[in-house]
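Next comes target.cif, a file with mmCIF, C-alpha atoms and all ligand atoms.
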```cif
data_final
#
loop_
_atom_site.group_PDB
_atom_site.id
_atom_site.type_symbol
_atom_site.label_atom_id
_atom_site.label_comp_id
_atom_site.auth_asym_id
_atom_site.auth_seq_id
_atom_site.Cartn_x
_atom_site.Cartn_y
_atom_site.Cartn_z
ATOM 1 C CA MET W 1 0.000 0.000 0.000
ATOM 2 C CA GLU W 2 2.842 2.324 0.904
ATOM 3 C CA GLU W 3 4.284 2.037 -2.633
ATOM 4 C CA ARG W 4 1.209 3.820 -3.995
ATOM 5 C CA MET W 5 1.971 6.880 -1.908
ATOM 6 C CA ILE W 6 5.198 7.678 -3.787
ATOM 7 C CA SER W 7 4.788 10.996 -5.559
ATOM 8 C CA PHE W 8 5.753 11.258 -9.212
ATOM 9 C CA PRO W 9 9.302 12.590 -9.526
ATOM 10 C CA SER W 10 9.711 15.803 -11.476
ATOM 11 C CA PHE W 11 13.231 16.968 -10.686
ATOM 12 C CA TYR W 12 13.817 17.376 -14.450
ATOM 13 C CA ALA W 13 10.537 19.152 -15.259
ATOM 14 C CA GLU W 14 11.966 22.655 -15.645
ATOM 15 C CA TRP W 15 15.242 21.745 -17.322
ATOM 16 C CA ARG W 16 15.828 23.451 -20.670
ATOM 17 C CA HIS W 17 19.610 23.073 -20.922
ATOM 18 C CA VAL W 18 21.648 20.268 -19.386
ATOM 19 C CA PHE W 19 25.334 19.353 -19.569
ATOM 20 C CA LYS W 20 26.003 15.614 -19.554
ATOM 21 C CA LEU W 21 29.318 14.771 -17.918
ATOM 22 C CA ASP W 22 30.953 11.381 -18.210
ATOM 23 C CA PRO W 23 32.528 9.972 -15.018
ATOM 24 C CA ASP W 24 34.966 8.092 -17.258
ATOM 25 C CA ARG W 25 36.384 11.289 -18.833
ATOM 26 C CA PRO W 26 38.736 13.640 -16.969
ATOM 27 C CA ILE W 27 37.722 17.264 -16.556
ATOM 28 C CA ALA W 28 39.931 19.900 -14.912
ATOM 29 C CA ASP W 29 38.675 21.868 -11.906
ATOM 30 C CA GLU W 30 38.655 25.122 -13.848
ATOM 31 C CA ALA W 31 36.624 23.632 -16.690
ATOM 32 C CA LEU W 32 34.189 22.053 -14.248
ATOM 33 C CA GLU W 33 33.747 25.388 -12.507
ATOM 34 C CA ARG W 34 32.930 27.110 -15.782
ATOM 35 C CA VAL W 35 30.410 24.369 -16.630
ATOM 36 C CA CYS W 36 28.746 24.563 -13.224
ATOM 37 C CA LEU W 37 28.586 28.374 -13.213
ATOM 38 C CA SER W 38 27.456 28.575 -16.851
ATOM 39 C CA GLY W 39 23.766 29.049 -16.113
ATOM 40 C CA THR W 40 22.843 25.554 -17.260
ATOM 41 C CA ASP W 41 19.829 24.071 -15.484
ATOM 42 C CA ALA W 42 21.501 20.848 -14.345
ATOM 43 C CA ILE W 43 24.328 18.401 -14.721
ATOM 44 C CA LEU W 44 23.513 14.860 -15.754
ATOM 45 C CA VAL W 45 26.237 12.386 -14.844
ATOM 46 C CA GLY W 46 26.378 9.353 -17.107
ATOM 47 C CA GLY W 47 28.170 7.472 -19.813
ATOM 48 C CA SER W 48 27.719 4.315 -21.795
ATOM 49 C CA SER W 49 30.932 2.636 -20.606
ATOM 50 C CA GLY W 50 33.584 2.769 -17.891
ATOM 51 C CA VAL W 51 31.222 4.029 -15.168
ATOM 52 C CA THR W 52 32.342 2.943 -11.681
ATOM 53 C CA TYR W 53 31.397 3.799 -8.112
ATOM 54 C CA ASP W 54 34.693 5.602 -7.584
ATOM 55 C CA ASN W 55 34.652 7.778 -10.701
ATOM 56 C CA THR W 56 30.966 8.633 -10.109
ATOM 57 C CA VAL W 57 31.531 9.601 -6.440
ATOM 58 C CA GLU W 58 34.516 11.680 -7.438
ATOM 59 C CA LEU W 59 32.627 13.615 -10.092
ATOM 60 C CA LEU W 60 29.549 14.096 -7.884
ATOM 61 C CA SER W 61 31.612 15.418 -4.986
ATOM 62 C CA ARG W 62 33.348 17.936 -7.266
ATOM 63 C CA ILE W 63 30.034 19.108 -8.745
ATOM 64 C CA ARG W 64 28.624 19.507 -5.220
ATOM 65 C CA ARG W 65 30.919 22.496 -4.668
ATOM 66 C CA TYR W 66 28.352 24.360 -6.768
ATOM 67 C CA GLU W 67 24.662 24.912 -6.237
ATOM 68 C CA LEU W 68 23.089 23.526 -9.376
ATOM 69 C CA PRO W 69 21.010 20.311 -9.516
ATOM 70 C CA CYS W 70 22.875 17.134 -10.362
ATOM 71 C CA ALA W 71 21.206 13.917 -11.513
ATOM 72 C CA CYS W 72 22.572 10.501 -12.384
ATOM 73 C CA GLU W 73 21.786 8.454 -15.461
ATOM 74 C CA LEU W 74 22.022 4.872 -14.221
ATOM 75 C CA THR W 75 23.731 2.761 -16.855
ATOM 76 C CA ASP W 76 25.429 0.340 -14.495
ATOM 77 C CA PRO W 77 24.532 -0.650 -10.931
ATOM 78 C CA ALA W 78 28.159 0.112 -10.045
ATOM 79 C CA GLY W 79 27.489 3.804 -10.647
ATOM 80 C CA ALA W 80 24.447 3.969 -8.344
ATOM 81 C CA VAL W 81 25.911 6.444 -5.883
ATOM 82 C CA PRO W 82 23.639 7.948 -3.195
ATOM 83 C CA GLY W 83 23.340 11.718 -2.948
ATOM 84 C CA PHE W 84 22.197 12.785 -6.411
ATOM 85 C CA ASP W 85 19.127 15.020 -6.728
ATOM 86 C CA GLY W 86 17.532 12.482 -9.046
ATOM 87 C CA TYR W 87 18.130 9.266 -10.989
ATOM 88 C CA LEU W 88 17.124 8.418 -14.548
ATOM 89 C CA VAL W 89 16.940 4.792 -15.647
ATOM 90 C CA PRO W 90 17.423 4.373 -19.426
ATOM 91 C CA MET W 91 15.551 1.782 -21.484
ATOM 92 C CA VAL W 92 16.473 1.518 -25.173
ATOM 93 C CA LEU W 93 13.281 1.088 -27.198
ATOM 94 C CA ASN W 94 14.833 0.306 -30.566
ATOM 95 C CA THR W 95 17.257 -2.421 -29.536
ATOM 96 C CA PRO W 96 16.570 -6.004 -30.599
ATOM 97 C CA HIS W 97 18.007 -7.181 -27.270
ATOM 98 C CA ARG W 98 15.700 -7.310 -24.263
ATOM 99 C CA GLU W 99 18.687 -6.904 -21.930
ATOM 100 C CA TRP W 100 18.962 -3.214 -22.948
ATOM 101 C CA LEU W 101 15.207 -2.615 -22.890
ATOM 102 C CA ILE W 102 14.352 -4.126 -19.520
ATOM 103 C CA GLY W 103 16.688 -7.071 -18.820
ATOM 104 C CA ARG W 104 19.614 -5.419 -17.061
ATOM 105 C CA GLN W 105 17.340 -2.987 -15.287
ATOM 106 C CA ALA W 106 15.224 -5.849 -13.887
ATOM 107 C CA GLU W 107 18.363 -7.702 -12.831
ATOM 108 C CA ALA W 108 19.657 -4.613 -11.009
ATOM 109 C CA LEU W 109 16.304 -4.138 -9.281
ATOM 110 C CA ALA W 110 16.156 -7.785 -8.252
ATOM 111 C CA ASP W 111 19.567 -7.378 -6.632
ATOM 112 C CA TYR W 112 19.352 -3.838 -5.220
ATOM 113 C CA GLY W 113 15.751 -2.630 -5.551
ATOM 114 C CA ARG W 114 15.324 -2.410 -1.784
ATOM 115 C CA LEU W 115 17.888 0.407 -1.792
ATOM 116 C CA MET W 116 16.266 2.448 -4.565
ATOM 117 C CA PRO W 117 15.240 5.995 -3.595
ATOM 118 C CA TRP W 118 12.054 5.660 -5.653
ATOM 119 C CA GLU W 119 10.795 9.153 -4.872
ATOM 120 C CA SER W 120 13.663 10.541 -6.958
ATOM 121 C CA VAL W 121 13.812 7.969 -9.773
ATOM 122 C CA ALA W 122 12.316 8.358 -13.245
ATOM 123 C CA GLY W 123 12.283 6.102 -16.297
ATOM 124 C CA GLU W 124 13.870 7.363 -19.482
ATOM 125 C CA ALA W 125 12.869 5.774 -22.805
ATOM 126 C CA TYR W 126 15.664 6.095 -25.367
ATOM 127 C CA ILE W 127 15.288 6.057 -29.123
ATOM 128 C CA VAL W 128 18.803 5.862 -30.560
ATOM 129 C CA LEU W 129 18.961 7.463 -33.999
ATOM 130 C CA ASN W 130 22.693 7.658 -34.771
ATOM 131 C CA GLY W 131 23.861 4.166 -35.673
ATOM 132 C CA GLU W 132 27.513 5.200 -35.146
ATOM 133 C CA ALA W 133 27.067 6.266 -31.500
ATOM 134 C CA THR W 134 28.641 4.183 -28.743
ATOM 135 C CA VAL W 135 25.211 3.454 -27.318
ATOM 136 C CA ALA W 136 23.996 2.284 -30.740
ATOM 137 C CA ARG W 137 26.897 -0.126 -31.101
ATOM 138 C CA LEU W 138 26.544 -1.356 -27.541
ATOM 139 C CA THR W 139 22.832 -2.082 -27.828
ATOM 140 C CA GLU W 140 22.835 -2.821 -31.588
ATOM 141 C CA ALA W 141 20.050 -0.285 -31.863
ATOM 142 C CA GLU W 142 18.050 -0.264 -35.094
ATOM 143 C CA ALA W 143 18.784 3.385 -35.793
ATOM 144 C CA ASP W 144 17.463 3.552 -39.364
ATOM 145 C CA LEU W 145 13.857 4.060 -38.304
ATOM 146 C CA THR W 146 11.346 5.852 -40.502
ATOM 147 C CA PRO W 147 9.706 8.934 -39.006
ATOM 148 C CA ALA W 148 6.485 6.940 -38.578
ATOM 149 C CA GLN W 149 8.328 4.198 -36.675
ATOM 150 C CA THR W 150 10.081 6.776 -34.514
ATOM 151 C CA VAL W 151 6.799 8.454 -33.614
ATOM 152 C CA ALA W 152 5.272 5.043 -32.929
ATOM 153 C CA TYR W 153 8.042 4.116 -30.479
ATOM 154 C CA ALA W 154 7.700 7.507 -28.813
ATOM 155 C CA GLN W 155 3.947 7.240 -28.446
ATOM 156 C CA LEU W 156 4.179 3.695 -27.145
ATOM 157 C CA ALA W 157 6.479 4.870 -24.352
ATOM 158 C CA ASP W 158 4.533 8.081 -23.710
ATOM 159 C CA ARG W 159 0.920 7.004 -24.076
ATOM 160 C CA LEU W 160 0.950 3.287 -23.259
ATOM 161 C CA TRP W 161 3.728 3.133 -20.686
ATOM 162 C CA ARG W 162 3.457 6.738 -19.438
ATOM 163 C CA VAL W 163 7.250 7.004 -19.254
ATOM 164 C CA PRO W 164 8.085 10.499 -17.954
ATOM 165 C CA VAL W 165 11.113 11.156 -20.180
ATOM 166 C CA LEU W 166 11.541 10.317 -23.858
ATOM 167 C CA TYR W 167 15.140 10.739 -25.061
ATOM 168 C CA LEU W 168 15.957 11.156 -28.752
ATOM 169 C CA GLU W 169 19.629 10.195 -28.826
ATOM 170 C CA TYR W 170 21.829 11.253 -31.746
ATOM 171 C CA SER W 171 25.021 11.244 -29.649
ATOM 172 C CA GLY W 172 27.929 12.456 -31.803
ATOM 173 C CA THR W 173 25.884 13.930 -34.652
ATOM 174 C CA PHE W 174 23.306 16.699 -34.990
ATOM 175 C CA GLY W 175 19.896 15.203 -35.642
ATOM 176 C CA ASP W 176 16.858 15.840 -37.796
ATOM 177 C CA MET W 177 15.064 18.695 -36.035
ATOM 178 C CA ALA W 178 11.902 18.268 -38.111
ATOM 179 C CA LEU W 179 11.662 14.726 -36.748
ATOM 180 C CA VAL W 180 12.402 15.858 -33.194
ATOM 181 C CA ARG W 181 9.601 18.408 -33.452
ATOM 182 C CA LYS W 182 7.227 15.809 -34.893
ATOM 183 C CA VAL W 183 7.969 13.458 -32.006
ATOM 184 C CA ARG W 184 7.454 16.266 -29.473
ATOM 185 C CA ASP W 185 4.122 17.209 -31.012
ATOM 186 C CA GLY W 186 2.922 13.614 -30.677
ATOM 187 C CA LEU W 187 3.673 13.339 -26.957
ATOM 188 C CA SER W 188 0.898 13.543 -24.393
ATOM 189 C CA GLN W 189 2.802 13.771 -21.115
ATOM 190 C CA ALA W 190 6.475 12.823 -21.477
ATOM 191 C CA ARG W 191 9.214 15.417 -21.496
ATOM 192 C CA LEU W 192 11.306 15.231 -24.647
ATOM 193 C CA PHE W 193 15.081 15.253 -24.145
ATOM 194 C CA TYR W 194 17.166 15.836 -27.257
ATOM 195 C CA GLY W 195 20.880 15.002 -27.260
ATOM 196 C CA GLY W 196 23.466 14.796 -29.998
ATOM 197 C CA GLY W 197 25.999 16.973 -31.755
ATOM 198 C CA VAL W 198 24.964 20.328 -30.311
ATOM 199 C CA ARG W 199 28.161 22.353 -30.822
ATOM 200 C CA THR W 200 27.048 25.855 -31.878
ATOM 201 C CA PRO W 201 24.548 28.440 -30.612
ATOM 202 C CA GLU W 202 22.533 28.009 -33.805
ATOM 203 C CA GLN W 203 22.234 24.250 -33.286
ATOM 204 C CA ALA W 204 21.373 24.852 -29.643
ATOM 205 C CA ARG W 205 18.582 27.251 -30.649
ATOM 206 C CA GLU W 206 17.220 24.790 -33.208
ATOM 207 C CA ALA W 207 17.239 21.962 -30.689
ATOM 208 C CA ALA W 208 15.601 24.183 -28.067
ATOM 209 C CA ALA W 209 12.821 25.009 -30.499
ATOM 210 C CA ALA W 210 12.234 21.337 -31.259
ATOM 211 C CA ALA W 211 12.607 19.609 -27.876
ATOM 212 C CA HIS W 212 11.717 20.389 -24.284
ATOM 213 C CA THR W 213 15.247 19.806 -22.969
ATOM 214 C CA VAL W 214 18.589 20.037 -24.777
ATOM 215 C CA ILE W 215 21.456 17.830 -23.570
ATOM 216 C CA VAL W 216 25.007 18.867 -24.437
ATOM 217 C CA GLY W 217 27.780 16.310 -23.956
ATOM 218 C CA ASN W 218 30.990 15.729 -25.873
ATOM 219 C CA VAL W 219 31.678 19.345 -26.853
ATOM 220 C CA VAL W 220 32.395 20.080 -23.174
ATOM 221 C CA TYR W 221 35.531 17.980 -23.548
ATOM 222 C CA ASP W 222 36.430 19.069 -27.104
ATOM 223 C CA ASP W 223 35.755 22.815 -27.070
ATOM 224 C CA LEU W 224 34.655 24.287 -23.739
ATOM 225 C CA PRO W 225 33.945 27.858 -24.952
ATOM 226 C CA ALA W 226 31.674 26.435 -27.664
ATOM 227 C CA ALA W 227 29.907 24.288 -25.061
ATOM 228 C CA LEU W 228 29.338 27.295 -22.781
ATOM 229 C CA ALA W 229 27.877 29.301 -25.658
ATOM 230 C CA THR W 230 25.047 26.761 -26.001
ATOM 231 C CA VAL W 231 23.665 27.773 -22.594
ATOM 232 C CA PRO W 232 22.345 31.277 -23.404
ATOM 233 C CA ALA W 233 21.313 30.053 -26.847
ATOM 234 C CA VAL W 234 18.951 27.550 -25.235
ATOM 235 C CA LYS W 235 17.920 29.544 -22.195
ATOM 236 C CA ASN W 236 17.050 32.670 -24.181
ATOM 237 C CA SER W 237 15.149 30.830 -26.868
ATOM 238 C CA VAL W 238 11.402 31.079 -26.969
ATOM 239 C CA LYS W 239 9.647 28.052 -25.553
ATOM 240 C CA GLU W 240 7.810 27.302 -28.755
ATOM 241 C CA GLN W 241 6.282 24.198 -27.222
ATOM 242 C CA ASP W 242 4.733 26.029 -24.290
ATOM 243 C CA HIS W 243 1.282 25.404 -25.642
ATOM 244 C CA VAL W 244 1.863 21.657 -25.274
ATOM 245 C CA PHE W 245 2.301 21.751 -21.497
HETATM 246 C C1 LIG O 1 20.212 5.029 -6.854
HETATM 247 C C2 LIG O 1 20.756 4.196 -5.779
HETATM 248 C C3 LIG O 1 21.578 4.841 -4.759
HETATM 249 C C4 LIG O 1 20.447 2.905 -5.793
HETATM 250 C C5 LIG O 1 21.119 1.869 -5.098
HETATM 251 C C6 LIG O 1 20.651 0.528 -5.554
HETATM 252 C C7 LIG O 1 21.024 0.160 -6.959
HETATM 253 C C8 LIG O 1 22.411 -0.248 -7.291
HETATM 254 C C9 LIG O 1 20.061 0.139 -7.878
HETATM 255 C C10 LIG O 1 20.252 -0.225 -9.332
HETATM 256 C C11 LIG O 1 19.420 0.678 -10.148
HETATM 257 C C12 LIG O 1 19.274 0.354 -11.618
HETATM 258 C C13 LIG O 1 17.932 0.004 -12.113
HETATM 259 C C14 LIG O 1 20.313 0.473 -12.434
HETATM 260 C C15 LIG O 1 20.230 0.324 -13.926
HETATM 261 C C16 LIG O 1 21.057 -0.769 -14.391
HETATM 262 C C17 LIG O 1 21.258 -0.862 -15.890
HETATM 263 C C18 LIG O 1 22.322 -1.767 -16.307
HETATM 264 C C19 LIG O 1 20.520 -0.226 -16.801
HETATM 265 C C20 LIG O 1 20.742 -0.335 -18.286
HETATM 266 C C21 LIG O 1 20.842 1.014 -18.875
HETATM 267 C C22 LIG O 1 21.118 1.001 -20.363
HETATM 268 C C23 LIG O 1 20.019 0.679 -21.281
HETATM 269 C C24 LIG O 1 22.353 1.286 -20.820
HETATM 270 C C25 LIG O 1 22.719 1.294 -22.236
HETATM 271 C C26 LIG O 1 23.530 2.501 -22.616
HETATM 272 C C27 LIG O 1 22.772 3.787 -22.492
HETATM 273 C C28 LIG O 1 21.350 3.912 -22.858
HETATM 274 C C29 LIG O 1 23.414 4.824 -22.038
HETATM 275 C C30 LIG O 1 22.727 6.137 -21.844
HETATM 276 C C31 LIG O 1 23.685 7.219 -21.691
HETATM 277 C C32 LIG O 1 24.462 7.600 -22.899
HETATM 278 C C33 LIG O 1 23.992 7.315 -24.251
HETATM 279 C C34 LIG O 1 25.556 8.258 -22.678
HETATM 280 C C35 LIG O 1 26.487 8.689 -23.783
HETATM 281 O O1 LIG O 1 27.471 7.837 -23.708
HETATM 282 P P1 LIG O 1 28.967 8.193 -24.096
HETATM 283 O O2 LIG O 1 29.797 7.177 -23.417
HETATM 284 O O3 LIG O 1 29.246 9.623 -23.796
HETATM 285 O O4 LIG O 1 28.937 7.923 -25.629
HETATM 286 P P2 LIG O 1 29.538 8.678 -26.883
HETATM 287 O O5 LIG O 1 30.693 7.864 -27.325
HETATM 288 O O6 LIG O 1 28.434 8.669 -27.893
HETATM 289 O O7 LIG O 1 29.936 10.050 -26.501
HETATM 290 O O1 LIG O 2 27.743 14.130 -26.697
HETATM 291 P P1 LIG O 2 26.713 14.751 -27.551
HETATM 292 O O2 LIG O 2 26.851 14.451 -29.019
HETATM 293 O O3 LIG O 2 26.575 16.213 -27.275
HETATM 294 O O4 LIG O 2 25.319 14.088 -27.103
HETATM 295 C C1 LIG O 2 24.823 14.360 -25.823
HETATM 296 C C2 LIG O 2 24.073 13.207 -25.238
HETATM 297 O O5 LIG O 2 22.880 12.974 -25.918
HETATM 298 C C3 LIG O 2 24.875 11.951 -25.114
HETATM 299 O O6 LIG O 2 24.129 10.977 -24.455
HETATM 300 MG MG MG O 3 29.973 11.127 -24.758
#
```
Show me the file's structure as structure tokens.
Amino acid sequence: MEERMISFPSFYAEWRHVFKLDPDRPIADEALERVCLSGTDAILVGGSSGVTYDNTVELLSRIRRYELPCACELTDPAGAVPGFDGYLVPMVLNTPHREWLIGRQAEALADYGRLMPWESVAGEAYIVLNGEATVARLTEAEADLTPAQTVAYAQLADRLWRVPVLYLEYSGTFGDMALVRKVRDGLSQARLFYGGGVRTPEQAREAAAAAHTVIVGNVVYDDLPAALATVPAVKNSVKEQDHVF
């Protein structure tokens, strides 16, 4: 009975711009400070490989010197470190392997579910659309979906499963914004995260106009000034989708 009393988590509900930092990639103190003071709405800690308890604790403790929200994308039970403001559990919709849809997640819950801080956990349905991305290779995602198939996956997660976050993942390449917008317009309640190849203010503005939340990752490590310039581009852009929510 108690389980039913858990309120729906919404720690991500106001995020427009998010930096995703990888515990497996080094970042200098000065760079981290500039990221954390950039005006971004949150830091999401996660990566598709090499995530450990130690590198996750280390990154979290360094981010905690600053005041912004910090959430964890759980891709390995080893990286389930207490003390984040929220946890997102990915499920890859367009993988042919059940282990990446629900298998590993169920295994982790069977082993550790009693420790889960459910009031700050949300499911995150991924549609992986860049076949070259690490996550696509790892999960053998069928990335060559038609727009109709992509919308169908999104609506299945949003309308049938009521998953709170739908993530269009183009990691490493800038995606098709017309498709992102089409997916967003077909959602009934999920928040649409867009991530992939955002490296310029113009791309950031386009992504902000198409999705609810823009995630910026690799450019932090490749070109920090360019990464920082995506923050005002997103935050100052008009929330075209306001009518949806
Ligand atoms: C929270 C807490 C304190 C709990 C304690 C108890 C505990 C251990 C609970 C376990 C919780 C749980 C359910 C864990 C999930 C386990 C799991 C294995 C889930 C599978 C997730 C999954 C589908 C992973 C596949 C990869 C994926 C979708 C990654 C998403 C992130 C991503 C794409 C990052 C980008 O990766 P990057 O490495 O940067 O790639 P690029 O090369 O493209 O840059
Ligand atoms: O690293 P990039 O290409 O910015 O993508 C961000 C994020 O979607 C990765 O999961
Ligand atoms: Mg990356």
**Request:** Tell me which residues the PyMOL selection byres (((not hetatm)) within 8 of (chain O and resi 3)) grabs here, as a count of residues only.
**Result:** 9
**Message:** Starting from the PyMOL selection byres (((chain W and resi 193) around 6) and not hetatm), expand the selection into actual residues of this file and give them as a list in words.
**Reply:** Tyr167, Leu192, Tyr194, Thr213 and Val214 of chain W
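Put simply, the PyMOL selection byres (((chain W and resi 132-140) around 10) and not hetatm) in this file takes in W:Gly47, W:Ser48, W:Ser49, W:Val92, W:Asn94, W:Thr95, W:Pro96, W:His97, W:Arg98, W:Glu99, W:Trp100, W:Leu101, W:Ile127, W:Val128, W:Leu129, W:Asn130, W:Gly131, W:Ala141, W:Glu142, W:Ala143, W:Glu169, W:Tyr170, W:Ser171, W:Gly172, W:Thr173, W:Gly196.
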**Item:** range 77-82 of chain W environment, 6 Å, only C-alpha atoms, sequence neighbours closer than 3 positions dropped, as a list in words
**Value:** Val51, Thr52, Tyr53 and Thr56 of chain W
Go ahead and write the selection's residues with C-alpha atoms as a tab-separated table (two decimals), in the coordinates of the input.
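Contents of out_14.tsv, as written:
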```tsv
chain	number	residue	atom	x	y	z
W	51	VAL	CA	31.22	4.03	-15.17
W	52	THR	CA	32.34	2.94	-11.68
W	53	TYR	CA	31.40	3.80	-8.11
W	56	THR	CA	30.97	8.63	-10.11
```
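All polymer residues at most 10 Å from (14.7, 29.5, -19.8), using all atoms listed in the file, appear as W:Glu14, W:Trp15, W:Arg16, W:His17, W:Gly39, W:Thr40, W:Asp41, W:Ala208, W:Val231, W:Pro232, W:Ala233, W:Val234, W:Lys235, W:Asn236, W:Ser237, W:Val238, W:Lys239.
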**Request:** Determine, counting only C-alpha atoms, which protein, DNA and RNA residues have an atom within 12 Å of an atom of Trp161 in chain W; residues of the same chain fewer than 2 positions away are not included. Present the result as a PyMOL selection string.
**Result:** chain W and resi 91+93+123-125+153-159+163-166+187-190
**Complete:** Across W:Ala13, W:Ala152, W:Ala178, W:Ala71, the smallest distance to ligand LIG 1 (chain O), with all atoms listed in the file counted, is shown by W:Ala71
To box ligand LIG 2 (chain O), take all atoms listed in the file, fit an axis-aligned box, add 8 Å on each side, and give centre and edge lengths in Å to one decimal, as JSON.
```
{"center_x": 25.3, "center_y": 13.6, "center_z": -26.7, "size_x": 20.9, "size_y": 21.2, "size_z": 20.6}
```
**Pick from W:Val219, W:Leu160, W:Leu228, W:Leu88 nearest to Tyr126 in chain W, counting only C-alpha atoms** =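 Result for the nearest residue to Tyr126 in chain W: W:Leu88.
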**Asked** So how far away is CA of Gly50 in chain W from CA of Ala122 in chain W, in Å?
**Response**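 CA of Gly50 in chain W lies at a distance of 22.5 Å from CA of Ala122 in chain W.
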**Asked** Which one is closest to Asp54 in chain W: W:Gly175, W:Pro90, W:Gly103, W:Pro23? Count all atoms listed in the file.
**Response** W:Pro23
**Request:** May I ask which of the residues W:Asp85, W:Ala148, W:Val216, W:Thr230 is the closest one to Val121 in chain W, counting only C-alpha atoms?
**Result:**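 Counting only C-alpha atoms, the residue closest to Val121 in chain W is W:Asp85.
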**Request:** For each of W:Gly86, W:Gly46, W:Gly197, W:Gly186, take the minimum atom-to-atom distance to ligand LIG 2 (chain O), counting only C-alpha atoms and all ligand atoms, then give the residue where this is smallest.
**Result:**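 Counting only C-alpha atoms and all ligand atoms, the residue closest to ligand LIG 2 (chain O) is W:Gly197.
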Using all atoms listed in the file, find each residue in range 57-152 of chain W having at least one atom no more than 8 Å away from range 26-36 of chain W; report its shortest atom-to-atom pair and that distance in Å (one decimal), rows by chain then rising number, as a tab-separated table.
```
residue	atom	partner	partner_atom	distance
W:Ile63	CA	W:Cys36	CA	7.2
W:Tyr66	CA	W:Cys36	CA	6.5
W:Leu68	CA	W:Cys36	CA	6.9
```
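Among the candidates W:Leu168, W:Ile102, W:Leu109, W:Val18, the residue lying nearest to Ala227 in chain W is W:Val18 (atoms considered: only C-alpha atoms).
You will find CA of Cys70 in chain W at 19.1 Å from atom C22 of ligand LIG 1 (chain O).
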**Request:** Could you jot down the CA of Gly113 in chain W to atom C17 of ligand LIG 1 (chain O) separation for me, Å, one decimal place?
**Result:** 11.8 Å
Missing atoms in range 155-170 of chain W: fill them in up to N, CA and C atoms and send the result as a short mmCIF file (atom, residue, chain, number, x, y, z; two decimals), in the frame of the given file.
```
data_model
loop_
_atom_site.label_atom_id
_atom_site.label_comp_id
_atom_site.auth_asym_id
_atom_site.auth_seq_id
_atom_site.Cartn_x
_atom_site.Cartn_y
_atom_site.Cartn_z
N GLN W 155 5.31 7.24 -28.99
CA GLN W 155 3.95 7.24 -28.45
C GLN W 155 3.68 6.00 -27.60
N LEU W 156 4.32 4.90 -27.97
CA LEU W 156 4.18 3.70 -27.14
C LEU W 156 4.70 3.98 -25.73
N ALA W 157 5.89 4.58 -25.67
CA ALA W 157 6.48 4.87 -24.35
C ALA W 157 5.66 5.93 -23.61
N ASP W 158 5.22 6.94 -24.33
CA ASP W 158 4.53 8.08 -23.71
C ASP W 158 3.09 7.74 -23.34
N ARG W 159 2.37 7.16 -24.29
CA ARG W 159 0.92 7.00 -24.08
C ARG W 159 0.52 5.66 -23.48
N LEU W 160 1.29 4.60 -23.83
CA LEU W 160 0.95 3.29 -23.26
C LEU W 160 1.66 3.06 -21.93
N TRP W 161 2.96 3.41 -21.90
CA TRP W 161 3.73 3.13 -20.69
C TRP W 161 3.80 4.33 -19.75
N ARG W 162 3.42 5.51 -20.24
CA ARG W 162 3.46 6.74 -19.44
C ARG W 162 4.85 7.02 -18.87
N VAL W 163 5.88 6.72 -19.67
CA VAL W 163 7.25 7.00 -19.25
C VAL W 163 7.43 8.53 -19.19
N PRO W 164 8.03 9.04 -18.11
CA PRO W 164 8.09 10.50 -17.95
C PRO W 164 9.07 11.21 -18.87
N VAL W 165 10.12 10.51 -19.32
CA VAL W 165 11.11 11.16 -20.18
C VAL W 165 11.34 10.32 -21.43
N LEU W 166 11.25 10.97 -22.58
CA LEU W 166 11.54 10.32 -23.86
C LEU W 166 12.81 10.99 -24.38
N TYR W 167 13.82 10.19 -24.70
CA TYR W 167 15.14 10.74 -25.06
C TYR W 167 15.44 10.38 -26.51
N LEU W 168 15.51 11.39 -27.37
CA LEU W 168 15.96 11.16 -28.75
C LEU W 168 17.46 11.33 -28.76
N GLU W 169 18.17 10.23 -28.99
CA GLU W 169 19.63 10.20 -28.83
C GLU W 169 20.33 10.11 -30.18
N TYR W 170 21.01 11.22 -30.52
CA TYR W 170 21.83 11.25 -31.75
C TYR W 170 23.30 11.37 -31.36
#
```
